[in-house]
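For reference, coords.cif is printed below; it contains mmCIF, C-alpha atoms, pLDDT in the B column; chains and numbers go by the auth columns.
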```
data_start
loop_
_atom_site.group_PDB
_atom_site.id
_atom_site.type_symbol
_atom_site.label_atom_id
_atom_site.label_comp_id
_atom_site.label_asym_id
_atom_site.label_seq_id
_atom_site.Cartn_x
_atom_site.Cartn_y
_atom_site.Cartn_z
_atom_site.B_iso_or_equiv
_atom_site.auth_seq_id
_atom_site.auth_asym_id
ATOM 1 C CA MET A 1 89.468 94.944 108.240 92.00 241 A
ATOM 2 C CA ILE A 2 86.293 92.892 108.535 96.00 242 A
ATOM 3 C CA ARG A 3 84.313 91.537 105.629 97.00 243 A
ATOM 4 C CA VAL A 4 80.610 90.781 106.065 98.00 244 A
ATOM 5 C CA ILE A 5 78.281 88.900 103.737 98.00 245 A
ATOM 6 C CA ALA A 6 74.654 89.362 104.777 98.00 246 A
ATOM 7 C CA LYS A 7 71.929 87.523 102.916 97.00 247 A
ATOM 8 C CA ASN A 8 68.302 88.701 102.978 98.00 248 A
ATOM 9 C CA PHE A 9 65.476 86.428 101.807 98.00 249 A
ATOM 10 C CA ILE A 10 62.681 88.717 100.613 98.00 250 A
ATOM 11 C CA LYS A 11 59.250 87.247 99.876 97.00 251 A
ATOM 12 C CA SER A 12 58.608 87.684 96.142 95.00 252 A
ATOM 13 C CA GLU A 13 55.451 89.720 96.780 96.00 253 A
ATOM 14 C CA ASN A 14 57.449 92.140 98.958 97.00 254 A
ATOM 15 C CA ILE A 15 60.309 92.963 96.608 96.00 255 A
ATOM 16 C CA SER A 16 58.909 96.342 95.552 96.00 256 A
ATOM 17 C CA ALA A 17 58.286 97.275 99.203 98.00 257 A
ATOM 18 C CA ALA A 18 61.815 96.278 100.193 97.00 258 A
ATOM 19 C CA ALA A 19 63.568 98.290 97.483 97.00 259 A
ATOM 20 C CA PRO A 20 63.238 101.778 99.091 98.00 260 A
ATOM 21 C CA LEU A 21 64.253 100.354 102.480 98.00 261 A
ATOM 22 C CA PHE A 22 67.427 98.903 100.963 98.00 262 A
ATOM 23 C CA ARG A 23 68.088 102.206 99.201 98.00 263 A
ATOM 24 C CA GLU A 24 67.728 104.202 102.429 98.00 264 A
ATOM 25 C CA LEU A 25 69.895 101.731 104.379 98.00 265 A
ATOM 26 C CA ILE A 26 72.642 101.848 101.734 98.00 266 A
ATOM 27 C CA ASP A 27 72.671 105.647 101.518 98.00 267 A
ATOM 28 C CA ALA A 28 72.846 106.111 105.305 98.00 268 A
ATOM 29 C CA THR A 29 75.385 103.338 105.898 98.00 269 A
ATOM 30 C CA ARG A 30 77.833 104.558 103.265 98.00 270 A
ATOM 31 C CA LYS A 31 78.102 107.825 105.208 98.00 271 A
ATOM 32 C CA GLU A 32 79.247 106.005 108.362 98.00 272 A
ATOM 33 C CA SER A 33 82.799 106.321 109.604 96.00 273 A
ATOM 34 C CA GLY A 34 84.717 103.074 109.039 97.00 274 A
ATOM 35 C CA CYS A 35 82.452 101.875 106.223 98.00 275 A
ATOM 36 C CA ILE A 36 84.757 100.809 103.379 98.00 276 A
ATOM 37 C CA GLU A 37 82.185 98.916 101.286 98.00 277 A
ATOM 38 C CA TYR A 38 78.433 98.487 101.545 98.00 278 A
ATOM 39 C CA ARG A 39 76.972 97.091 98.340 98.00 279 A
ATOM 40 C CA LEU A 40 73.809 95.145 97.645 98.00 280 A
ATOM 41 C CA PHE A 41 73.443 92.422 95.024 98.00 281 A
ATOM 42 C CA ILE A 42 70.716 90.120 93.766 97.00 282 A
ATOM 43 C CA ASP A 43 71.440 86.427 93.290 96.00 283 A
ATOM 44 C CA SER A 44 70.904 85.623 89.602 93.00 284 A
ATOM 45 C CA GLN A 45 69.726 82.082 90.426 93.00 285 A
ATOM 46 C CA ALA A 46 67.507 83.168 93.352 92.00 286 A
ATOM 47 C CA PRO A 47 66.032 86.613 92.635 87.00 287 A
ATOM 48 C CA ALA A 48 64.490 86.956 96.123 93.00 288 A
ATOM 49 C CA GLU A 49 67.958 86.717 97.714 97.00 289 A
ATOM 50 C CA TYR A 50 69.505 90.117 98.357 98.00 290 A
ATOM 51 C CA VAL A 51 73.145 89.898 99.380 98.00 291 A
ATOM 52 C CA PHE A 52 75.138 92.684 101.001 98.00 292 A
ATOM 53 C CA THR A 53 78.901 92.627 100.634 98.00 293 A
ATOM 54 C CA GLU A 54 80.365 94.846 103.303 98.00 294 A
ATOM 55 C CA GLU A 55 83.777 95.863 104.503 98.00 295 A
ATOM 56 C CA TRP A 56 84.466 97.639 107.769 98.00 296 A
ATOM 57 C CA ALA A 57 87.645 99.232 109.072 98.00 297 A
ATOM 58 C CA SER A 58 87.280 97.549 112.472 96.00 298 A
ATOM 59 C CA GLN A 59 84.969 95.532 114.706 96.00 299 A
ATOM 60 C CA GLU A 60 84.173 98.799 116.469 97.00 300 A
ATOM 61 C CA ALA A 61 82.961 100.363 113.193 98.00 301 A
ATOM 62 C CA LEU A 62 80.754 97.325 112.534 97.00 302 A
ATOM 63 C CA ASP A 63 79.380 97.441 116.096 97.00 303 A
ATOM 64 C CA THR A 64 78.597 101.153 115.718 98.00 304 A
ATOM 65 C CA HIS A 65 76.811 100.404 112.417 98.00 305 A
ATOM 66 C CA MET A 66 74.616 97.773 114.057 97.00 306 A
ATOM 67 C CA LYS A 67 73.652 100.238 116.797 98.00 307 A
ATOM 68 C CA SER A 68 72.872 103.065 114.345 98.00 308 A
ATOM 69 C CA GLU A 69 69.395 104.551 114.153 98.00 309 A
ATOM 70 C CA HIS A 70 68.986 103.544 110.481 98.00 310 A
ATOM 71 C CA PHE A 71 70.113 99.944 111.104 98.00 311 A
ATOM 72 C CA GLN A 72 67.924 99.509 114.198 98.00 312 A
ATOM 73 C CA ARG A 73 64.911 100.975 112.386 98.00 313 A
ATOM 74 C CA ILE A 74 65.241 99.525 108.860 98.00 314 A
ATOM 75 C CA ILE A 75 66.533 95.977 109.500 97.00 315 A
ATOM 76 C CA PRO A 76 63.359 94.947 111.400 97.00 316 A
ATOM 77 C CA GLN A 77 61.224 96.434 108.594 98.00 317 A
ATOM 78 C CA ILE A 78 63.162 94.350 106.042 98.00 318 A
ATOM 79 C CA GLY A 79 62.745 91.368 108.389 98.00 319 A
ATOM 80 C CA GLU A 80 58.963 91.732 108.180 98.00 320 A
ATOM 81 C CA LEU A 81 59.196 91.448 104.381 98.00 321 A
ATOM 82 C CA SER A 82 61.388 88.343 104.555 98.00 322 A
ATOM 83 C CA SER A 83 60.601 84.650 104.353 98.00 323 A
ATOM 84 C CA LYS A 84 63.339 83.734 106.833 97.00 324 A
ATOM 85 C CA PRO A 85 65.923 85.458 109.043 96.00 325 A
ATOM 86 C CA LEU A 86 68.919 87.336 107.716 95.00 326 A
ATOM 87 C CA GLU A 87 72.054 85.156 107.420 96.00 327 A
ATOM 88 C CA VAL A 88 75.244 86.990 108.356 96.00 328 A
ATOM 89 C CA ALA A 89 78.807 85.727 107.843 97.00 329 A
ATOM 90 C CA ILE A 90 81.714 87.594 109.456 97.00 330 A
ATOM 91 C CA LEU A 91 84.889 86.933 107.481 97.00 331 A
ATOM 92 C CA SER A 92 88.598 87.529 107.929 95.00 332 A
ATOM 93 C CA GLU A 93 90.982 87.686 104.985 95.00 333 A
ATOM 94 C CA PHE A 94 93.105 84.643 104.166 94.00 334 A
ATOM 95 C CA SER A 95 96.815 85.472 104.436 72.00 335 A
ATOM 96 C CA MET B 1 80.192 93.984 86.248 92.00 59 B
ATOM 97 C CA ILE B 2 79.596 90.564 87.801 96.00 60 B
ATOM 98 C CA ARG B 3 80.052 89.718 91.440 97.00 61 B
ATOM 99 C CA VAL B 4 80.728 86.118 92.462 98.00 62 B
ATOM 100 C CA ILE B 5 80.695 84.595 95.935 98.00 63 B
ATOM 101 C CA ALA B 6 82.226 81.119 95.915 98.00 64 B
ATOM 102 C CA LYS B 7 82.238 79.064 99.088 97.00 65 B
ATOM 103 C CA ASN B 8 84.696 76.183 99.603 98.00 66 B
ATOM 104 C CA PHE B 9 84.185 73.645 102.388 98.00 67 B
ATOM 105 C CA ILE B 10 87.622 72.298 103.273 98.00 68 B
ATOM 106 C CA LYS B 11 87.911 69.257 105.529 97.00 69 B
ATOM 107 C CA SER B 12 89.638 70.377 108.738 95.00 70 B
ATOM 108 C CA GLU B 13 92.472 67.875 108.264 96.00 71 B
ATOM 109 C CA ASN B 14 93.148 69.313 104.780 97.00 72 B
ATOM 110 C CA ILE B 15 93.429 73.007 105.599 96.00 73 B
ATOM 111 C CA SER B 16 97.224 73.091 105.498 96.00 74 B
ATOM 112 C CA ALA B 17 97.221 71.227 102.155 98.00 75 B
ATOM 113 C CA ALA B 18 94.662 73.642 100.689 98.00 76 B
ATOM 114 C CA ALA B 19 96.522 76.823 101.649 97.00 77 B
ATOM 115 C CA PRO B 20 99.221 76.744 98.913 98.00 78 B
ATOM 116 C CA LEU B 21 96.579 75.820 96.301 98.00 79 B
ATOM 117 C CA PHE B 22 94.503 78.861 97.276 98.00 80 B
ATOM 118 C CA ARG B 23 97.629 81.024 97.207 98.00 81 B
ATOM 119 C CA GLU B 24 98.559 79.856 93.691 98.00 82 B
ATOM 120 C CA LEU B 25 94.987 80.291 92.427 98.00 83 B
ATOM 121 C CA ILE B 26 94.777 83.816 93.849 98.00 84 B
ATOM 122 C CA ASP B 27 98.124 84.907 92.413 98.00 85 B
ATOM 123 C CA ALA B 28 97.359 83.571 88.918 98.00 86 B
ATOM 124 C CA THR B 29 93.768 84.826 88.840 98.00 87 B
ATOM 125 C CA ARG B 30 94.634 88.375 89.859 98.00 88 B
ATOM 126 C CA LYS B 31 96.802 88.617 86.735 98.00 89 B
ATOM 127 C CA GLU B 32 93.841 87.810 84.452 98.00 90 B
ATOM 128 C CA SER B 33 92.331 90.463 82.227 96.00 91 B
ATOM 129 C CA GLY B 34 88.920 91.549 83.521 97.00 92 B
ATOM 130 C CA CYS B 35 89.598 90.459 87.114 98.00 93 B
ATOM 131 C CA ILE B 36 88.603 93.395 89.322 98.00 94 B
ATOM 132 C CA GLU B 37 88.585 91.573 92.659 98.00 95 B
ATOM 133 C CA TYR B 38 89.625 88.087 93.735 98.00 96 B
ATOM 134 C CA ARG B 39 89.928 87.831 97.486 98.00 97 B
ATOM 135 C CA LEU B 40 89.682 84.881 99.842 98.00 98 B
ATOM 136 C CA PHE B 41 88.218 84.962 103.344 98.00 99 B
ATOM 137 C CA ILE B 42 87.674 82.540 106.194 97.00 100 B
ATOM 138 C CA ASP B 43 84.318 82.433 107.951 96.00 101 B
ATOM 139 C CA SER B 44 84.891 83.322 111.602 93.00 102 B
ATOM 140 C CA GLN B 45 82.036 81.044 112.735 93.00 103 B
ATOM 141 C CA ALA B 46 83.008 78.160 110.416 92.00 104 B
ATOM 142 C CA PRO B 47 86.800 78.044 110.023 88.00 105 B
ATOM 143 C CA ALA B 48 86.678 75.329 107.339 93.00 106 B
ATOM 144 C CA GLU B 49 84.647 77.602 105.041 97.00 107 B
ATOM 145 C CA TYR B 50 86.798 79.542 102.595 98.00 108 B
ATOM 146 C CA VAL B 51 84.862 82.220 100.758 98.00 109 B
ATOM 147 C CA PHE B 52 86.028 83.980 97.601 98.00 110 B
ATOM 148 C CA THR B 53 84.589 87.395 96.848 98.00 111 B
ATOM 149 C CA GLU B 54 85.178 88.097 93.184 98.00 112 B
ATOM 150 C CA GLU B 55 84.348 90.825 90.726 98.00 113 B
ATOM 151 C CA TRP B 56 84.675 90.497 86.977 98.00 114 B
ATOM 152 C CA ALA B 57 84.415 93.123 84.267 98.00 115 B
ATOM 153 C CA SER B 58 82.105 90.933 82.154 96.00 116 B
ATOM 154 C CA GLN B 59 80.610 87.468 81.774 96.00 117 B
ATOM 155 C CA GLU B 60 83.256 86.854 79.101 97.00 118 B
ATOM 156 C CA ALA B 61 86.042 87.578 81.613 98.00 119 B
ATOM 157 C CA LEU B 62 84.459 85.157 84.108 97.00 120 B
ATOM 158 C CA ASP B 63 84.063 82.485 81.406 97.00 121 B
ATOM 159 C CA THR B 64 87.714 82.910 80.413 98.00 122 B
ATOM 160 C CA HIS B 65 88.739 82.572 84.070 98.00 123 B
ATOM 161 C CA MET B 66 86.836 79.307 84.411 97.00 124 B
ATOM 162 C CA LYS B 67 88.574 77.926 81.300 98.00 125 B
ATOM 163 C CA SER B 68 92.049 79.008 82.435 98.00 126 B
ATOM 164 C CA GLU B 69 94.789 76.443 83.005 98.00 127 B
ATOM 165 C CA HIS B 70 95.142 77.379 86.682 98.00 128 B
ATOM 166 C CA PHE B 71 91.371 77.185 87.352 98.00 129 B
ATOM 167 C CA GLN B 72 90.970 73.858 85.532 98.00 130 B
ATOM 168 C CA ARG B 73 93.965 72.376 87.346 98.00 131 B
ATOM 169 C CA ILE B 74 93.618 73.785 90.882 98.00 132 B
ATOM 170 C CA ILE B 75 89.825 73.740 91.454 97.00 133 B
ATOM 171 C CA PRO B 76 89.619 69.910 91.180 97.00 134 B
ATOM 172 C CA GLN B 77 92.579 69.628 93.590 98.00 135 B
ATOM 173 C CA ILE B 78 90.745 71.852 96.096 98.00 136 B
ATOM 174 C CA GLY B 79 87.630 69.744 95.467 98.00 137 B
ATOM 175 C CA GLU B 80 89.505 66.635 96.595 98.00 138 B
ATOM 176 C CA LEU B 81 90.293 68.367 99.900 98.00 139 B
ATOM 177 C CA SER B 82 86.653 69.412 100.432 98.00 140 B
ATOM 178 C CA SER B 83 83.803 67.869 102.388 98.00 141 B
ATOM 179 C CA LYS B 84 81.205 68.982 99.837 97.00 142 B
ATOM 180 C CA PRO B 85 81.029 70.724 96.462 96.00 143 B
ATOM 181 C CA LEU B 86 81.882 74.373 95.924 95.00 144 B
ATOM 182 C CA GLU B 87 78.816 76.678 96.179 96.00 145 B
ATOM 183 C CA VAL B 88 78.878 79.518 93.665 96.00 146 B
ATOM 184 C CA ALA B 89 76.510 82.510 93.598 97.00 147 B
ATOM 185 C CA ILE B 90 76.521 84.846 90.587 97.00 148 B
ATOM 186 C CA LEU B 91 75.274 88.278 91.616 97.00 149 B
ATOM 187 C CA SER B 92 74.194 91.459 89.895 95.00 150 B
ATOM 188 C CA GLU B 93 74.229 94.822 91.647 95.00 151 B
ATOM 189 C CA PHE B 94 70.967 96.217 93.025 93.00 152 B
ATOM 190 C CA SER B 95 69.946 99.537 91.456 73.00 153 B
#
```

Could you show the structure in this file as structure tokens?
Amino acid sequence: MIRVIAKNFIKSENISAAAPLFRELIDATRKESGCIEYRLFIDSQAPAEYVFTEEWASQEALDTHMKSEHFQRIIPQIGELSSKPLEVAILSEFS
Amino acid sequence: MIRVIAKNFIKSENISAAAPLFRELIDATRKESGCIEYRLFIDSQAPAEYVFTEEWASQEALDTHMKSEHFQRIIPQIGELSSKPLEVAILSEFS
């Protein structure tokens, strides 16, 4: 099991443009094999920070996700709406 | 529903001292009313970063957690083992 926290920094003027991209990415990703959790949150103290909490059955499932058509197409589009690059943390569970 | 991501920065020489404190905090917190998720992860790229992913039924449940005996006692002990203060993000779900 692999947990991922991925933080997107969307420029405030681009939030409405980013919303349908996030929606499409979420809907497609949740259909992937090995996707246990794929949820998107907004930081209450930083409303331009969009944080995915993800859980994947294996490294292979995560690798397949990152090679998927929807990931390869949508992540760069979200990148263009961002003020800085995506920050991704790959986590393993404590004990 | 409230999602919390809380990042602890443990000094490398204190990791073995922090482990039983985390264990006790996890066990006590999971018994609290309104605690939906309370899991602890280690960042694979930064092994001194211990990241809680939490979910609470309400702000009231989170407030009660932060006033609990175990939180009030153990969090300062973990703080003494840390290189910098705990970083807490309070998140709300997108859409």

task: Apply the PyMOL selection byres ((chain A) within 9 of (chain B)) to the structure shown and report the selected residues as a list in words.
output: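 Evaluating the PyMOL selection byres ((chain A) within 9 of (chain B)) on this file yields Arg243, Ala259, Arg263, Arg279, Leu280, Phe281, Ile282, Asp283, Ser284, Gln285, Tyr290, Val291, Thr293, Ala329, Ile330, Leu331, Ser332, Glu333, Phe334 and Ser335 of chain A.
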
- request: Work out how far apart atom CA of B:Asn72 and atom CA of B:Glu127 are and give it in Å to one decimal.
  value: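 Computed distance, atom CA of B:Asn72 to atom CA of B:Glu127, equals 23.0 Å.
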
Residues at most 12 Å from B:Glu138, counting all atoms listed in the file, excluding those fewer than 2 positions away in the same chain, as a PyMOL selection string? chain B and resi 66-69+72-73+75-76+79+131-136+140-144

C-alpha atoms of the current selection, written as a compact mmCIF listing (two decimals), in the coordinates of the input:
```txt
# COMPACT_ATOMS: atom_id res chain seq x y z
CA ASN B 66 84.70 76.18 99.60
CA PHE B 67 84.18 73.64 102.39
CA ILE B 68 87.62 72.30 103.27
CA LYS B 69 87.91 69.26 105.53
CA ASN B 72 93.15 69.31 104.78
CA ILE B 73 93.43 73.01 105.60
CA ALA B 75 97.22 71.23 102.16
CA ALA B 76 94.66 73.64 100.69
CA LEU B 79 96.58 75.82 96.30
CA ARG B 131 93.96 72.38 87.35
CA ILE B 132 93.62 73.78 90.88
CA ILE B 133 89.82 73.74 91.45
CA PRO B 134 89.62 69.91 91.18
CA GLN B 135 92.58 69.63 93.59
CA ILE B 136 90.74 71.85 96.10
CA SER B 140 86.65 69.41 100.43
CA SER B 141 83.80 67.87 102.39
CA LYS B 142 81.20 68.98 99.84
CA PRO B 143 81.03 70.72 96.46
CA LEU B 144 81.88 74.37 95.92
```

Moved coordinates, chain B onto chain A, all Cα atoms, as a PDB file with C-alpha atoms, keeping the file's coordinate frame:
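selection_34.pdb, freshly written:
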```
ATOM      1  CA  MET B  59      89.487  94.947 108.228  1.00 92.00           C
ATOM      2  CA  ILE B  60      86.293  92.903 108.515  1.00 96.00           C
ATOM      3  CA  ARG B  61      84.309  91.549 105.617  1.00 97.00           C
ATOM      4  CA  VAL B  62      80.609  90.791 106.063  1.00 98.00           C
ATOM      5  CA  ILE B  63      78.279  88.909 103.737  1.00 98.00           C
ATOM      6  CA  ALA B  64      74.654  89.366 104.775  1.00 98.00           C
ATOM      7  CA  LYS B  65      71.931  87.515 102.917  1.00 97.00           C
ATOM      8  CA  ASN B  66      68.299  88.704 102.973  1.00 98.00           C
ATOM      9  CA  PHE B  67      65.477  86.439 101.806  1.00 98.00           C
ATOM     10  CA  ILE B  68      62.683  88.714 100.609  1.00 98.00           C
ATOM     11  CA  LYS B  69      59.262  87.240  99.874  1.00 97.00           C
ATOM     12  CA  SER B  70      58.611  87.673  96.143  1.00 95.00           C
ATOM     13  CA  GLU B  71      55.450  89.703  96.777  1.00 96.00           C
ATOM     14  CA  ASN B  72      57.454  92.128  98.960  1.00 97.00           C
ATOM     15  CA  ILE B  73      60.317  92.966  96.615  1.00 96.00           C
ATOM     16  CA  SER B  74      58.915  96.332  95.555  1.00 96.00           C
ATOM     17  CA  ALA B  75      58.275  97.267  99.211  1.00 98.00           C
ATOM     18  CA  ALA B  76      61.820  96.272 100.198  1.00 98.00           C
ATOM     19  CA  ALA B  77      63.569  98.294  97.486  1.00 97.00           C
ATOM     20  CA  PRO B  78      63.232 101.778  99.076  1.00 98.00           C
ATOM     21  CA  LEU B  79      64.241 100.346 102.481  1.00 98.00           C
ATOM     22  CA  PHE B  80      67.424  98.901 100.967  1.00 98.00           C
ATOM     23  CA  ARG B  81      68.087 102.200  99.198  1.00 98.00           C
ATOM     24  CA  GLU B  82      67.733 104.197 102.435  1.00 98.00           C
ATOM     25  CA  LEU B  83      69.898 101.733 104.381  1.00 98.00           C
ATOM     26  CA  ILE B  84      72.631 101.846 101.734  1.00 98.00           C
ATOM     27  CA  ASP B  85      72.675 105.642 101.525  1.00 98.00           C
ATOM     28  CA  ALA B  86      72.841 106.112 105.312  1.00 98.00           C
ATOM     29  CA  THR B  87      75.379 103.339 105.899  1.00 98.00           C
ATOM     30  CA  ARG B  88      77.824 104.564 103.273  1.00 98.00           C
ATOM     31  CA  LYS B  89      78.091 107.831 105.216  1.00 98.00           C
ATOM     32  CA  GLU B  90      79.232 106.013 108.382  1.00 98.00           C
ATOM     33  CA  SER B  91      82.791 106.312 109.612  1.00 96.00           C
ATOM     34  CA  GLY B  92      84.709 103.074 109.041  1.00 97.00           C
ATOM     35  CA  CYS B  93      82.438 101.870 106.221  1.00 98.00           C
ATOM     36  CA  ILE B  94      84.740 100.819 103.378  1.00 98.00           C
ATOM     37  CA  GLU B  95      82.183  98.931 101.290  1.00 98.00           C
ATOM     38  CA  TYR B  96      78.423  98.496 101.536  1.00 98.00           C
ATOM     39  CA  ARG B  97      76.980  97.112  98.337  1.00 98.00           C
ATOM     40  CA  LEU B  98      73.820  95.153  97.634  1.00 98.00           C
ATOM     41  CA  PHE B  99      73.444  92.422  95.025  1.00 98.00           C
ATOM     42  CA  ILE B 100      70.717  90.130  93.762  1.00 97.00           C
ATOM     43  CA  ASP B 101      71.439  86.441  93.282  1.00 96.00           C
ATOM     44  CA  SER B 102      70.915  85.624  89.607  1.00 93.00           C
ATOM     45  CA  GLN B 103      69.732  82.082  90.433  1.00 93.00           C
ATOM     46  CA  ALA B 104      67.518  83.174  93.356  1.00 92.00           C
ATOM     47  CA  PRO B 105      66.029  86.610  92.632  1.00 88.00           C
ATOM     48  CA  ALA B 106      64.502  86.947  96.117  1.00 93.00           C
ATOM     49  CA  GLU B 107      67.959  86.727  97.723  1.00 97.00           C
ATOM     50  CA  TYR B 108      69.511  90.124  98.372  1.00 98.00           C
ATOM     51  CA  VAL B 109      73.147  89.896  99.383  1.00 98.00           C
ATOM     52  CA  PHE B 110      75.142  92.690 101.007  1.00 98.00           C
ATOM     53  CA  THR B 111      78.904  92.624 100.631  1.00 98.00           C
ATOM     54  CA  GLU B 112      80.355  94.862 103.306  1.00 98.00           C
ATOM     55  CA  GLU B 113      83.779  95.870 104.505  1.00 98.00           C
ATOM     56  CA  TRP B 114      84.463  97.654 107.764  1.00 98.00           C
ATOM     57  CA  ALA B 115      87.645  99.239 109.055  1.00 98.00           C
ATOM     58  CA  SER B 116      87.275  97.564 112.469  1.00 96.00           C
ATOM     59  CA  GLN B 117      84.964  95.543 114.696  1.00 96.00           C
ATOM     60  CA  GLU B 118      84.165  98.817 116.474  1.00 97.00           C
ATOM     61  CA  ALA B 119      82.954 100.365 113.198  1.00 98.00           C
ATOM     62  CA  LEU B 120      80.744  97.319 112.544  1.00 97.00           C
ATOM     63  CA  ASP B 121      79.368  97.436 116.106  1.00 97.00           C
ATOM     64  CA  THR B 122      78.582 101.140 115.710  1.00 98.00           C
ATOM     65  CA  HIS B 123      76.809 100.403 112.416  1.00 98.00           C
ATOM     66  CA  MET B 124      74.623  97.773 114.059  1.00 97.00           C
ATOM     67  CA  LYS B 125      73.645 100.247 116.803  1.00 98.00           C
ATOM     68  CA  SER B 126      72.876 103.067 114.355  1.00 98.00           C
ATOM     69  CA  GLU B 127      69.391 104.559 114.147  1.00 98.00           C
ATOM     70  CA  HIS B 128      68.988 103.552 110.494  1.00 98.00           C
ATOM     71  CA  PHE B 129      70.117  99.939 111.105  1.00 98.00           C
ATOM     72  CA  GLN B 130      67.915  99.512 114.189  1.00 98.00           C
ATOM     73  CA  ARG B 131      64.907 100.976 112.383  1.00 98.00           C
ATOM     74  CA  ILE B 132      65.233  99.540 108.856  1.00 98.00           C
ATOM     75  CA  ILE B 133      66.530  95.986 109.494  1.00 97.00           C
ATOM     76  CA  PRO B 134      63.360  94.949 111.408  1.00 97.00           C
ATOM     77  CA  GLN B 135      61.235  96.436 108.593  1.00 98.00           C
ATOM     78  CA  ILE B 136      63.162  94.348 106.040  1.00 98.00           C
ATOM     79  CA  GLY B 137      62.747  91.367 108.382  1.00 98.00           C
ATOM     80  CA  GLU B 138      58.968  91.732 108.179  1.00 98.00           C
ATOM     81  CA  LEU B 139      59.193  91.463 104.382  1.00 98.00           C
ATOM     82  CA  SER B 140      61.389  88.336 104.549  1.00 98.00           C
ATOM     83  CA  SER B 141      60.603  84.638 104.357  1.00 98.00           C
ATOM     84  CA  LYS B 142      63.349  83.737 106.836  1.00 97.00           C
ATOM     85  CA  PRO B 143      65.924  85.452 109.047  1.00 96.00           C
ATOM     86  CA  LEU B 144      68.918  87.348 107.717  1.00 95.00           C
ATOM     87  CA  GLU B 145      72.064  85.159 107.422  1.00 96.00           C
ATOM     88  CA  VAL B 146      75.248  86.996 108.361  1.00 96.00           C
ATOM     89  CA  ALA B 147      78.809  85.724 107.848  1.00 97.00           C
ATOM     90  CA  ILE B 148      81.720  87.598 109.441  1.00 97.00           C
ATOM     91  CA  LEU B 149      84.898  86.951 107.473  1.00 97.00           C
ATOM     92  CA  SER B 150      88.598  87.546 107.922  1.00 95.00           C
ATOM     93  CA  GLU B 151      90.997  87.692 104.988  1.00 95.00           C
ATOM     94  CA  PHE B 152      93.099  84.626 104.171  1.00 93.00           C
ATOM     95  CA  SER B 153      96.852  85.244 104.414  1.00 73.00           C
TER      96      SER B 153
END
```

>> Set the distance at 12 Å and use all atoms listed in the file: which residues neighbour A:His305 once local chain neighbours fewer than 2 positions away are removed? I'd like the list as a count of residues only.
In response: 29

Expressed in Å, the length from atom CA of A:Pro260 to atom CA of A:Glu327 is 20.6 Å

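The space separating atom CA of B:Thr122 from atom CA of A:Ile276 comes to 29.3 Å.
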
Give the padded box for stretch 256-271 of chain A as AutoDock Vina command-line options: axis-aligned, covering all atoms listed in the file, 4 Å on each side, centre and edge lengths in Å to one decimal.
```
--center_x 68.2 --center_y 102.1 --center_z 100.7 --size_x 27.8 --size_y 19.5 --size_z 18.3
```
